[in-house]
Amino acid sequence: MKEEKKELLTVREASRILKINEKKIYALLNEGRLPGTKVTGKWLFPRAELEQFMTGKAHETVRRSFWESVVNKKVLLLCGSDDPVIAMAQGVFHAVEPELLLFSSSVGSREGIRLLRDGFCTVAVSHLYDDDQKDFTFPVIREYFDDPGEVVVVNLFYRNIGYVSKQSAVSSLREAAEGGMRFVNRQKGSGVRALVDRFMRQEGIDPENLKGYDSEVFTHFDVVRSVAGGAADLGIAAESAAAGSRLTFGFIFEERFDMIVRKSSYFDRHVQAFVEFVRSEHFSNLLGTLKGYSSRDTGRVVYEKQ
């Protein structure tokens, strides 16, 4: 029987497949890291499990290489609010800083701040607004950090947020509810969802009376696609996401969009490289290519209102 057809392999055959010596095979067995079984005093290895072990080791190598890059501060993990500029910035940043990589995850502003607190990302991005304190970002930071002085907040831009619809401009959620319009919402924890819930309270609308309130998507482009594709009649999105569509954009307000980083890592090279990138023409040119942005405070450190 040919070796490649055998379902059970000897130590020598396993050594040849794994490209390691037999001594290492026994060491892995003693550590419980290699799948094998003893039959009449001899070790045998199921071929399928051995191949799975090899695949797992390959994946482990990739994961180790990636996390070593994170530890060595060559990768910035950015989590929080969604915005088209963030996605566009990833490739441009790498072109400017070839030794560094920027990855982003649109998990919502609040979740981004939690992940920053728990050490799962380098940068959080947020546009959360507290209507009681009349301030962006800092009221939520206080929910997750005992001392807001633990973080540095840098403005990325201001952007226009509004209603997107196929019909004439909508001016309120009450108008949508009373007109029976189907709404597409954002996920819990996102800045837009917080805005929707605030409007609902202010306008005295029960979620059950707004069709589609429980229909959630994760990005501004998802909102635009839902409305443009007919799955919904109305949503709230950034003007930049709506600009490429034929939808009507009804301006609500301009909001501040910030990045948040731990003070302990603010002066690390990869973080400073990103801050300098935000302050550069490369970033301002990105903002200039899209509709609905202002760079009047871009790159400036922001402080809590007193």
# chains A, B, ... in the order shown; residues from 1 in each chain; ligands from 1

$ residues_around --residues "stretch 81-94 of chain A" --least-positions-apart "3" --cutoff "8 Å" --atoms "only C-alpha atoms" --output "PDB file with N, CA and C atoms, in the first residue's frame"
ATOM      1  N   GLU A  97       2.877  55.721   4.671  1.00  0.00           N
ATOM      2  CA  GLU A  97       3.688  55.030   5.692  1.00  0.00           C
ATOM      3  C   GLU A  97       3.744  53.536   5.354  1.00  0.00           C
ATOM      4  N   PRO A  98       4.605  53.139   4.404  1.00  0.00           N
ATOM      5  CA  PRO A  98       4.625  51.740   3.930  1.00  0.00           C
ATOM      6  C   PRO A  98       4.914  50.706   5.007  1.00  0.00           C
ATOM      7  N   GLU A  99       5.532  51.100   6.103  1.00  0.00           N
ATOM      8  CA  GLU A  99       5.851  50.153   7.174  1.00  0.00           C
ATOM      9  C   GLU A  99       4.696  49.966   8.150  1.00  0.00           C
ATOM     10  N   LEU A 100       3.622  50.727   7.965  1.00  0.00           N
ATOM     11  CA  LEU A 100       2.499  50.677   8.895  1.00  0.00           C
ATOM     12  C   LEU A 100       1.214  50.286   8.187  1.00  0.00           C
ATOM     13  N   LEU A 101       0.304  49.668   8.938  1.00  0.00           N
ATOM     14  CA  LEU A 101      -0.990  49.274   8.402  1.00  0.00           C
ATOM     15  C   LEU A 101      -2.099  49.818   9.293  1.00  0.00           C
ATOM     16  N   LEU A 102      -3.199  50.213   8.661  1.00  0.00           N
ATOM     17  CA  LEU A 102      -4.377  50.692   9.378  1.00  0.00           C
ATOM     18  C   LEU A 102      -5.547  49.770   9.055  1.00  0.00           C
ATOM     19  N   PHE A 103      -6.127  49.173  10.079  1.00  0.00           N
ATOM     20  CA  PHE A 103      -7.324  48.351   9.927  1.00  0.00           C
ATOM     21  C   PHE A 103      -8.456  49.004  10.708  1.00  0.00           C
ATOM     22  N   SER A 104      -9.664  48.937  10.167  1.00  0.00           N
ATOM     23  CA  SER A 104     -10.799  49.530  10.884  1.00  0.00           C
ATOM     24  C   SER A 104     -11.962  48.551  10.953  1.00  0.00           C
ATOM     25  N   SER A 105     -12.771  48.704  12.001  1.00  0.00           N
ATOM     26  CA  SER A 105     -13.950  47.867  12.194  1.00  0.00           C
ATOM     27  C   SER A 105     -15.109  48.755  12.637  1.00  0.00           C
ATOM     28  N   SER A 106     -16.189  48.716  11.866  1.00  0.00           N
ATOM     29  CA  SER A 106     -17.360  49.552  12.157  1.00  0.00           C
ATOM     30  C   SER A 106     -18.269  48.838  13.152  1.00  0.00           C
ATOM     31  N   VAL A 107     -17.958  49.026  14.431  1.00  0.00           N
ATOM     32  CA  VAL A 107     -18.711  48.349  15.488  1.00  0.00           C
ATOM     33  C   VAL A 107     -19.616  49.307  16.255  1.00  0.00           C
ATOM     34  N   GLY A 108     -19.600  50.576  15.885  1.00  0.00           N
ATOM     35  CA  GLY A 108     -20.381  51.578  16.600  1.00  0.00           C
ATOM     36  C   GLY A 108     -19.516  52.360  17.572  1.00  0.00           C
ATOM     37  N   SER A 109     -19.840  53.631  17.755  1.00  0.00           N
ATOM     38  CA  SER A 109     -19.019  54.515  18.590  1.00  0.00           C
ATOM     39  C   SER A 109     -18.837  53.985  20.001  1.00  0.00           C
ATOM     40  N   GLY A 112     -16.645  50.949  20.198  1.00  0.00           N
ATOM     41  CA  GLY A 112     -15.258  51.319  19.941  1.00  0.00           C
ATOM     42  C   GLY A 112     -14.571  51.837  21.189  1.00  0.00           C
ATOM     43  N   VAL A 125     -13.054  55.649  17.346  1.00  0.00           N
ATOM     44  CA  VAL A 125     -13.612  56.826  16.672  1.00  0.00           C
ATOM     45  C   VAL A 125     -15.080  56.959  17.057  1.00  0.00           C
ATOM     46  N   SER A 126     -15.496  58.199  17.317  1.00  0.00           N
ATOM     47  CA  SER A 126     -16.837  58.414  17.851  1.00  0.00           C
ATOM     48  C   SER A 126     -17.391  59.756  17.423  1.00  0.00           C
ATOM     49  N   HIS A 127     -18.732  59.798  17.297  1.00  0.00           N
ATOM     50  CA  HIS A 127     -19.423  61.069  17.082  1.00  0.00           C
ATOM     51  C   HIS A 127     -20.627  61.166  18.020  1.00  0.00           C
ATOM     52  N   SER A 190     -24.353  52.600  18.052  1.00  0.00           N
ATOM     53  CA  SER A 190     -23.835  53.526  17.042  1.00  0.00           C
ATOM     54  C   SER A 190     -24.329  54.936  17.344  1.00  0.00           C
ATOM     55  N   GLY A 191     -23.614  55.924  16.827  1.00  0.00           N
ATOM     56  CA  GLY A 191     -23.996  57.302  17.048  1.00  0.00           C
ATOM     57  C   GLY A 191     -25.323  57.642  16.404  1.00  0.00           C
ATOM     58  N   PHE A 218     -25.269  48.252   9.534  1.00  0.00           N
ATOM     59  CA  PHE A 218     -24.054  48.633  10.249  1.00  0.00           C
ATOM     60  C   PHE A 218     -23.275  49.799   9.655  1.00  0.00           C
ATOM     61  N   THR A 219     -23.621  50.241   8.457  1.00  0.00           N
ATOM     62  CA  THR A 219     -22.869  51.341   7.864  1.00  0.00           C
ATOM     63  C   THR A 219     -23.808  52.333   7.197  1.00  0.00           C
ATOM     64  N   HIS A 220     -23.270  53.512   6.900  1.00  0.00           N
ATOM     65  CA  HIS A 220     -24.042  54.542   6.202  1.00  0.00           C
ATOM     66  C   HIS A 220     -24.407  54.069   4.791  1.00  0.00           C
ATOM     67  N   ALA A 238     -24.734  59.779   6.614  1.00  0.00           N
ATOM     68  CA  ALA A 238     -23.852  60.905   6.298  1.00  0.00           C
ATOM     69  C   ALA A 238     -24.129  61.370   4.871  1.00  0.00           C
ATOM     70  N   SER A 240     -22.071  62.298   2.707  1.00  0.00           N
ATOM     71  CA  SER A 240     -21.093  61.727   1.783  1.00  0.00           C
ATOM     72  C   SER A 240     -21.549  60.381   1.233  1.00  0.00           C
ATOM     73  N   ALA A 241     -22.232  59.594   2.064  1.00  0.00           N
ATOM     74  CA  ALA A 241     -22.710  58.283   1.617  1.00  0.00           C
ATOM     75  C   ALA A 241     -23.889  58.421   0.667  1.00  0.00           C
ATOM     76  N   PHE A 274      -0.051  58.330  12.459  1.00  0.00           N
ATOM     77  CA  PHE A 274      -1.447  58.492  12.034  1.00  0.00           C
ATOM     78  C   PHE A 274      -1.944  59.907  12.319  1.00  0.00           C
ATOM     79  N   PHE A 277      -0.590  62.064   9.726  1.00  0.00           N
ATOM     80  CA  PHE A 277      -1.311  61.803   8.483  1.00  0.00           C
ATOM     81  C   PHE A 277      -2.636  62.564   8.452  1.00  0.00           C
ATOM     82  N   HIS A 282      -2.734  64.889   2.513  1.00  0.00           N
ATOM     83  CA  HIS A 282      -3.302  63.629   2.035  1.00  0.00           C
ATOM     84  C   HIS A 282      -4.706  63.433   2.611  1.00  0.00           C
ATOM     85  N   PHE A 283      -4.841  63.687   3.908  1.00  0.00           N
ATOM     86  CA  PHE A 283      -6.141  63.500   4.558  1.00  0.00           C
ATOM     87  C   PHE A 283      -7.116  64.607   4.166  1.00  0.00           C
ATOM     88  N   LEU A 286      -8.599  63.895   0.926  1.00  0.00           N
ATOM     89  CA  LEU A 286      -9.662  62.900   1.000  1.00  0.00           C
ATOM     90  C   LEU A 286     -10.987  63.563   1.368  1.00  0.00           C
ATOM     91  N   LEU A 287     -10.941  64.419   2.367  1.00  0.00           N
ATOM     92  CA  LEU A 287     -12.166  65.111   2.790  1.00  0.00           C
ATOM     93  C   LEU A 287     -12.709  65.971   1.660  1.00  0.00           C
TER      94      LEU A 287
END

$ select_by_dssp --residues "stretch 18-108 of chain A" --states "strand (DSSP E or B)" --output "list in words"
Thr37, Lys38, Val39, Lys42, Trp43, Leu44, Phe45, Pro46, Val75, Leu76, Leu77, Leu78, Cys79, Gly80, Leu101, Leu102, Phe103, Ser104, Ser105 and Ser106 of chain A

$ write_last_selection --atoms "C-alpha atoms" --output "mmCIF file, in the first residue's frame"
data_model
loop_
_atom_site.group_PDB
_atom_site.id
_atom_site.type_symbol
_atom_site.label_atom_id
_atom_site.label_comp_id
_atom_site.auth_asym_id
_atom_site.auth_seq_id
_atom_site.Cartn_x
_atom_site.Cartn_y
_atom_site.Cartn_z
ATOM 1 C CA THR A 37 -2.471 6.939 19.663
ATOM 2 C CA LYS A 38 -0.455 3.967 20.936
ATOM 3 C CA VAL A 39 -1.199 0.571 19.406
ATOM 4 C CA LYS A 42 3.877 1.876 18.919
ATOM 5 C CA TRP A 43 2.702 5.390 18.163
ATOM 6 C CA LEU A 44 0.392 5.792 15.188
ATOM 7 C CA PHE A 45 -1.023 9.010 13.758
ATOM 8 C CA PRO A 46 -4.364 9.391 11.913
ATOM 9 C CA VAL A 75 -0.491 47.956 12.952
ATOM 10 C CA LEU A 76 -3.164 50.397 14.083
ATOM 11 C CA LEU A 77 -6.509 48.844 14.956
ATOM 12 C CA LEU A 78 -9.248 51.455 14.676
ATOM 13 C CA CYS A 79 -12.717 50.603 16.033
ATOM 14 C CA GLY A 80 -15.942 52.527 16.404
ATOM 15 C CA LEU A 101 -0.990 49.274 8.402
ATOM 16 C CA LEU A 102 -4.377 50.692 9.378
ATOM 17 C CA PHE A 103 -7.324 48.351 9.927
ATOM 18 C CA SER A 104 -10.799 49.530 10.884
ATOM 19 C CA SER A 105 -13.950 47.867 12.194
ATOM 20 C CA SER A 106 -17.360 49.552 12.157
#

$ atom_distance --atom1 "atom CA of A:Gly230" --atom2 "atom CA of A:Gly189"
25.4 Å

$ atom_distance --atom1 "atom CA of A:Val154" --atom2 "atom CA of A:Ile252"
23.7 Å

$ residues_around --residues "A:Arg174" --least-positions-apart "6" --cutoff "12 Å" --atoms "only C-alpha atoms" --output "list in words"
Gly180, Met181, Phe183, Val196, Phe199, Met200, Arg201, Gln202, Glu203, Gly204, Ile205, Asp206, Pro207, Asn209, Leu210 and Lys211 of chain A

$ atom_distance --atom1 "atom CA of A:Phe136" --atom2 "atom CA of A:Val151"
14.5 Å

$ residues_around --residues "A:Arg269" --least-positions-apart "3" --cutoff "8 Å" --atoms "only C-alpha atoms" --output "PyMOL selection string"
chain A and resi 73+272-273

$ write_last_selection --atoms "N, CA and C atoms" --output "PDB file, in the first residue's frame"
ATOM      1  N   LYS A  73       4.016  47.527  17.140  1.00  0.00           N
ATOM      2  CA  LYS A  73       3.455  48.833  16.795  1.00  0.00           C
ATOM      3  C   LYS A  73       3.627  49.180  15.318  1.00  0.00           C
ATOM      4  N   GLN A 272       1.561  58.461  16.395  1.00  0.00           N
ATOM      5  CA  GLN A 272       1.962  59.787  15.936  1.00  0.00           C
ATOM      6  C   GLN A 272       1.982  59.868  14.408  1.00  0.00           C
ATOM      7  N   ALA A 273       2.357  58.766  13.763  1.00  0.00           N
ATOM      8  CA  ALA A 273       2.335  58.744  12.297  1.00  0.00           C
ATOM      9  C   ALA A 273       0.911  58.941  11.775  1.00  0.00           C
TER      10      ALA A 273
END

$ residues_around --residues "A:Tyr303" --least-positions-apart "6" --cutoff "12 Å" --atoms "only C-alpha atoms" --output "list of chain:residue names"
A:Asp135, A:Phe136, A:Thr137, A:Phe138, A:Pro139, A:Ile141, A:Pro148, A:Gly149, A:Val151, A:Val152, A:Val153, A:Val154, A:Asn155, A:Asp258, A:Ile260

$ write_last_selection --atoms "N, CA, C and O atoms" --output "compact mmCIF listing (two decimals), in the first residue's frame"
# COMPACT_ATOMS: atom_id res chain seq x y z
N ASP A 135 -22.31 68.24 24.46
CA ASP A 135 -20.93 67.97 24.10
C ASP A 135 -20.82 66.62 23.41
O ASP A 135 -21.62 65.70 23.67
N PHE A 136 -19.85 66.52 22.53
CA PHE A 136 -19.55 65.26 21.84
C PHE A 136 -18.47 64.48 22.62
O PHE A 136 -17.64 65.07 23.32
N THR A 137 -18.52 63.18 22.48
CA THR A 137 -17.44 62.26 22.85
C THR A 137 -17.18 62.14 24.36
O THR A 137 -17.21 61.04 24.92
N PHE A 138 -16.89 63.25 25.04
CA PHE A 138 -16.45 63.17 26.43
C PHE A 138 -17.49 62.59 27.40
O PHE A 138 -17.11 61.83 28.31
N PRO A 139 -18.78 62.92 27.26
CA PRO A 139 -19.73 62.30 28.19
C PRO A 139 -19.70 60.78 28.16
O PRO A 139 -19.86 60.13 29.20
N ILE A 141 -17.02 58.96 27.12
CA ILE A 141 -15.72 58.56 27.65
C ILE A 141 -15.80 58.40 29.17
O ILE A 141 -15.26 57.46 29.75
N PRO A 148 -11.11 60.92 32.43
CA PRO A 148 -10.99 61.26 31.01
C PRO A 148 -9.57 61.66 30.62
O PRO A 148 -9.22 61.64 29.44
N GLY A 149 -8.75 61.99 31.63
CA GLY A 149 -7.36 62.32 31.36
C GLY A 149 -6.54 61.14 30.91
O GLY A 149 -5.39 61.30 30.48
N VAL A 151 -7.14 59.52 28.28
CA VAL A 151 -7.19 59.48 26.82
C VAL A 151 -6.91 60.86 26.23
O VAL A 151 -7.04 61.88 26.91
N VAL A 152 -6.54 60.84 24.96
CA VAL A 152 -6.38 62.07 24.18
C VAL A 152 -7.42 62.01 23.06
O VAL A 152 -7.57 60.97 22.40
N VAL A 153 -8.13 63.11 22.87
CA VAL A 153 -9.15 63.19 21.82
C VAL A 153 -8.67 64.16 20.74
O VAL A 153 -8.29 65.30 21.04
N VAL A 154 -8.66 63.68 19.50
CA VAL A 154 -8.23 64.50 18.36
C VAL A 154 -9.37 64.54 17.35
O VAL A 154 -9.94 63.50 17.00
N ASN A 155 -9.69 65.73 16.88
CA ASN A 155 -10.77 65.84 15.90
C ASN A 155 -10.31 65.34 14.53
O ASN A 155 -9.21 65.65 14.07
N ASP A 258 -14.55 62.38 16.14
CA ASP A 258 -13.25 62.39 16.83
C ASP A 258 -12.58 61.03 16.85
O ASP A 258 -13.24 59.99 16.77
N ILE A 260 -10.03 58.77 19.44
CA ILE A 260 -9.68 58.71 20.86
C ILE A 260 -8.57 57.68 21.01
O ILE A 260 -8.66 56.57 20.47

$ closest_residue --among "A:Ala237, A:Ala48, A:Val170, A:Ile113" --to "A:Lys6" --atoms "only C-alpha atoms"
A:Ala48

$ select_by_dssp --residues "stretch 89-125 of chain A" --states "alpha helix (DSSP H)" --output "list in words"
Ala89, Gln90, Gly91, Val92, Phe93, His94, Ala95, Val96, Ser109, Arg110, Glu111, Gly112, Ile113, Arg114, Leu115, Leu116 and Arg117 of chain A

$ closest_residue --among "A:Asn160, A:Val96, A:Lys134, A:Val301" --to "A:Ser280" --atoms "only C-alpha atoms"
A:Val96
